[in-house]
Amino acid sequence: MIETKEIKIDGVLQSAQKQSIDKSAPTFVSVTEQIEWIDPIDFFQAGKAIEENRLYWSSADQKTQFVGIGDALLFHDEDASYQDLKEKWKQTLENSWIANPFSQYKTGPIAFGGFPFDAKEKVEELWEGFSGSQFRVPTFLLTSENDKSFLTMTVYVEQGSNVDQLAAELITRKNQLLHAPKPEYQENHTVLKHEVDPVEWKKLVNKATTTIYSKNVDKIVLARELQIEFDEICDIGQVLDRLQKTQKNSFIFAWEKDDVCFVGATPERLVKVDNQQLFSACLAGTAPRGKTKEEDNDFGQQLLHDQKNRNEHKIVVDMIKEAVCSFAKYVEIPEQPTLYPLKNLQHLFTPVQAELDQGYTLLDVVEKLHPTPALCGFPRESSLDFIREFEQLERGWYGAPIGWFDQYFDGEFAVAIRSALVSGDKATLFAGCGVVEDSDPEIEYQETNIKFTPMLQALGG
Ligand SMILES: C=C(O[C@@H]1C=C(C(=O)O)C=C[C@H]1O)C(=O)O
C-alpha cells in the first residue's frame, strides 16, 4: 500500500500505473480532495443522471453522511463469509495507491454493504439482486462531516490502461455530479397498501408462544411484511430527505442495485469500532410515544418497569455482553436500561463499550454478534430453526448487518430494521417483534404496525 498526499488525479493515476507495471497486477487507486460543501441528498439525486448504483448512509447523530455513486469494486459472496471478505479487503489494499491528506475525516477507500439475515435462506424473487453479502467501494464517495465535504474517487489502474482517458472520464463525471442543477424532489404517493396475511401472522405468534412454553426456547423474533404501490416510480431521494428530517437518533441508509433499493432508518447500532474502541447497543422492549408529555412519560415509565419487556431486553444484554467479552479485556455495561426515544416509539436501551483486543476487527465482532436475540431470539439455533420452518417471509437483508468499513477496518454496522425494499413503483416493508412466553398476538401485531410507521410515512403512505 502506498499512501501519499498528492491528489492531482492524472499524476496519481500515472504513478499507480507504474506500480501496476512493476507488480504485474492492477492497482486499486483512491484519491481524496476537499470540495465546496454540497448537500448529500442533492449529490445522491445527481447520481441518478449518470445511471450508476447509489448508496447513502447517515450516522445516528446525523454528523456524518456518506453518499456513494458507482461501483469501483464489488465484493459479492453467495456464502456471505465474513472472513473471506476480510481477506479480500486486505488483498485489495496490498496493491493500492491511496492519495488522501484528509484521512481523519472518514474518507479514502471505504466499503459499504450488507449481509443477509440468514445466509442459508433461499433467495427468491423479492431479494433476487441481493443474494449473499455484497460490499461496494463507490467510484465517487461524498463524505459530509462537520459541515465539510470531501470527495474520494476510486478506480482500478491496469498495466495497459489509458490513464489520460481514465482521468478525463473521471473529471467529466465528477463535474456532472458536482455541478448538476438543484434536483427536483418528486412527491411519492402510496395508492395501494396490502398487509400480508395478518391473521396467519397472529397464529404464528401463538405457535411461537406455545413452542416457548413447551421447549427450551426463551424468545423468538417474528417479522411480517407490508406491500405498497405508488402512483409513479418511487423517488428514493425524497424518501431519504423525509427520513433525515423526521427520524432522529436513527441511522439512515440506502443501498441501490440495478433500480432496486433497500432503504431504512434504523435506531439499532450493531457495532462501531474506532481505533479499537468498540461501541455496541442493546435495543429491545418497545412502547409507543404518548400524545402529551405526561402520557409519553407514563408510557416510558411503564416500559422501564414492565417485566415482560425487561426480560426480553435482558436476554439481548446477556448475549451481547458475552460475545463482546470474548474480544475485549474490559466491557462497560450499565446495570439498568434507559429509554431510547424515537419519533413513533420508544425502546429500552443499554449501551455497551469495550476496548477490542489487538488482532480482532469490526468484521469479527459483526460475525459473532449477528443475529442478536433482538432480531432472532434466544437460544440462537432454536429460534432460528423456528423462523426457518414457520415464518412465511423472505427476510433477505432485513434484520441483518448493514454498514461500512475503511482501510483500517474501522467503521460501523447497524441492524437493518425499519426498512423497505423499493423496486420501481412497489415497495415491501418489514417489521418484527420479540415474542416471549406471555406475548399477546394482538399486542405484538399492534407493535409491528407502529414499527412500519416511519417508513410508511417516508414513502408517502
Ligand atoms: C424486529 C424489530 O425490532 C426489534 C425488536 C424490538 C422489540 O421486540 O421490542 C425492539 C427493537 C428491535 O430490536 C423491527 O423493528 O423490525
# chains A, B, ... in the order shown; residues from 1 in each chain; ligands from 1
$ residues_around --residues "A:Ser149" --least-positions-apart "6" --cutoff "6 Å" --atoms "only C-alpha atoms" --output "JSON list (two decimals) with C-alpha atoms, in the first residue's frame"
[["chain", "number", "residue", "atom", "x", "y", "z"],
["A", 35, "ILE", "CA", -14.66, 20.17, -2.12],
["A", 37, "TRP", "CA", -19.94, 21.98, 0.70],
["A", 143, "THR", "CA", -18.17, 12.35, 2.83]]
$ residues_around --residues "stretch 390-400 of chain A" --least-positions-apart "2" --cutoff "8 Å" --atoms "only C-alpha atoms" --output "PyMOL selection string"
chain A and resi 114-118+121+123-124+126-127+130-131+204+222-225+370-371+375+386-388+402+415-417+419+430
$ write_last_selection --atoms "C-alpha atoms" --output "PDB file, in the first residue's frame"
ATOM      1  CA  GLY A 114     -24.782  -5.709   3.855  1.00  0.00           C
ATOM      2  CA  PHE A 115     -25.141  -9.312   4.853  1.00  0.00           C
ATOM      3  CA  PRO A 116     -28.246 -11.484   4.640  1.00  0.00           C
ATOM      4  CA  PHE A 117     -30.169 -12.172   7.845  1.00  0.00           C
ATOM      5  CA  ASP A 118     -29.681 -15.884   7.254  1.00  0.00           C
ATOM      6  CA  GLU A 121     -32.185 -18.734   3.368  1.00  0.00           C
ATOM      7  CA  VAL A 123     -33.116 -16.240  -2.279  1.00  0.00           C
ATOM      8  CA  GLU A 124     -36.462 -15.920  -4.063  1.00  0.00           C
ATOM      9  CA  LEU A 126     -38.074 -10.424  -3.972  1.00  0.00           C
ATOM     10  CA  TRP A 127     -34.420 -10.289  -2.913  1.00  0.00           C
ATOM     11  CA  PHE A 130     -29.359  -9.026  -3.016  1.00  0.00           C
ATOM     12  CA  SER A 131     -28.190 -12.613  -2.652  1.00  0.00           C
ATOM     13  CA  LEU A 204     -47.740 -17.783  14.152  1.00  0.00           C
ATOM     14  CA  LEU A 222     -41.102 -12.835  14.204  1.00  0.00           C
ATOM     15  CA  ALA A 223     -41.346 -10.468  11.269  1.00  0.00           C
ATOM     16  CA  ARG A 224     -44.084  -9.561   8.873  1.00  0.00           C
ATOM     17  CA  GLU A 225     -44.499  -7.778   5.568  1.00  0.00           C
ATOM     18  CA  HIS A 370     -25.285 -11.389  14.301  1.00  0.00           C
ATOM     19  CA  PRO A 371     -28.062 -12.360  14.726  1.00  0.00           C
ATOM     20  CA  LEU A 375     -33.707  -9.923  15.773  1.00  0.00           C
ATOM     21  CA  PHE A 386     -38.392 -21.849  14.235  1.00  0.00           C
ATOM     22  CA  ILE A 387     -38.014 -18.850  11.913  1.00  0.00           C
ATOM     23  CA  ARG A 388     -36.668 -21.051   9.101  1.00  0.00           C
ATOM     24  CA  ILE A 402     -25.645  -3.122   7.103  1.00  0.00           C
ATOM     25  CA  VAL A 415     -29.195  -3.683  12.175  1.00  0.00           C
ATOM     26  CA  ALA A 416     -31.314  -3.147   9.064  1.00  0.00           C
ATOM     27  CA  ILE A 417     -34.786  -2.792  10.584  1.00  0.00           C
ATOM     28  CA  SER A 419     -36.725  -0.712   6.321  1.00  0.00           C
ATOM     29  CA  PHE A 430     -40.643  -5.207   7.114  1.00  0.00           C
TER      30      PHE A 430
END
$ residues_near_ligand --ligand "ligand 1" --cutoff "7 Å" --atoms "only C-alpha atoms and all ligand atoms" --output "VMD selection string"
chain A and resid 221 223 268 283 to 286 347 374 to 375 399 417 to 418 430 to 434 451
$ residues_around --residues "A:Tyr56" --least-positions-apart "5" --cutoff "6 Å" --atoms "only C-alpha atoms" --output "PyMOL selection string"
chain A and resi 66-67+253-254
$ closest_residue --among "A:Leu339, A:Met319, A:Val352, A:Ala60" --to "A:Ser280" --atoms "only C-alpha atoms"
A:Val352
$ residues_around --residues "A:Lys202" --least-positions-apart "3" --cutoff "10 Å" --atoms "only C-alpha atoms" --output "PDB file with N, CA and C atoms, in the first residue's frame"
ATOM      1  N   ASP A 197     -51.253 -11.289   5.087  1.00  0.00           N
ATOM      2  CA  ASP A 197     -51.900 -12.236   5.997  1.00  0.00           C
ATOM      3  C   ASP A 197     -51.747 -11.986   7.504  1.00  0.00           C
ATOM      4  N   PRO A 198     -52.360 -10.917   8.020  1.00  0.00           N
ATOM      5  CA  PRO A 198     -52.213 -10.643   9.461  1.00  0.00           C
ATOM      6  C   PRO A 198     -52.780 -11.751  10.352  1.00  0.00           C
ATOM      7  N   VAL A 199     -53.858 -12.408   9.856  1.00  0.00           N
ATOM      8  CA  VAL A 199     -54.489 -13.452  10.688  1.00  0.00           C
ATOM      9  C   VAL A 199     -53.509 -14.613  10.886  1.00  0.00           C
ATOM     10  N   VAL A 205     -47.656 -16.159  15.956  1.00  0.00           N
ATOM     11  CA  VAL A 205     -47.218 -15.673  17.281  1.00  0.00           C
ATOM     12  C   VAL A 205     -47.677 -16.666  18.349  1.00  0.00           C
ATOM     13  N   ASN A 206     -48.927 -17.155  18.211  1.00  0.00           N
ATOM     14  CA  ASN A 206     -49.438 -18.165  19.156  1.00  0.00           C
ATOM     15  C   ASN A 206     -48.583 -19.420  19.143  1.00  0.00           C
ATOM     16  N   LYS A 207     -48.229 -19.834  17.934  1.00  0.00           N
ATOM     17  CA  LYS A 207     -47.416 -21.037  17.793  1.00  0.00           C
ATOM     18  C   LYS A 207     -46.057 -20.833  18.485  1.00  0.00           C
ATOM     19  N   ALA A 208     -45.530 -19.621  18.339  1.00  0.00           N
ATOM     20  CA  ALA A 208     -44.225 -19.329  18.962  1.00  0.00           C
ATOM     21  C   ALA A 208     -44.347 -19.357  20.492  1.00  0.00           C
ATOM     22  N   ASP A 440     -48.897 -11.474  23.698  1.00  0.00           N
ATOM     23  CA  ASP A 440     -50.265 -11.495  23.189  1.00  0.00           C
ATOM     24  C   ASP A 440     -50.211 -11.148  21.692  1.00  0.00           C
ATOM     25  N   PRO A 441     -50.741 -12.030  20.815  1.00  0.00           N
ATOM     26  CA  PRO A 441     -50.613 -11.792  19.367  1.00  0.00           C
ATOM     27  C   PRO A 441     -51.134 -10.438  18.916  1.00  0.00           C
ATOM     28  N   GLU A 442     -52.254 -10.001  19.518  1.00  0.00           N
ATOM     29  CA  GLU A 442     -52.833  -8.722  19.093  1.00  0.00           C
ATOM     30  C   GLU A 442     -51.905  -7.550  19.460  1.00  0.00           C
ATOM     31  N   ILE A 443     -51.328  -7.629  20.643  1.00  0.00           N
ATOM     32  CA  ILE A 443     -50.427  -6.538  21.070  1.00  0.00           C
ATOM     33  C   ILE A 443     -49.153  -6.533  20.208  1.00  0.00           C
ATOM     34  N   GLU A 444     -48.649  -7.708  19.906  1.00  0.00           N
ATOM     35  CA  GLU A 444     -47.447  -7.786  19.057  1.00  0.00           C
ATOM     36  C   GLU A 444     -47.755  -7.252  17.650  1.00  0.00           C
ATOM     37  N   TYR A 445     -48.957  -7.581  17.181  1.00  0.00           N
ATOM     38  CA  TYR A 445     -49.380  -7.100  15.863  1.00  0.00           C
ATOM     39  C   TYR A 445     -49.423  -5.556  15.856  1.00  0.00           C
TER      40      TYR A 445
END
$ atom_distance --atom1 "atom CA of A:His189" --atom2 "atom CA of A:Ser423"
14.5 Å
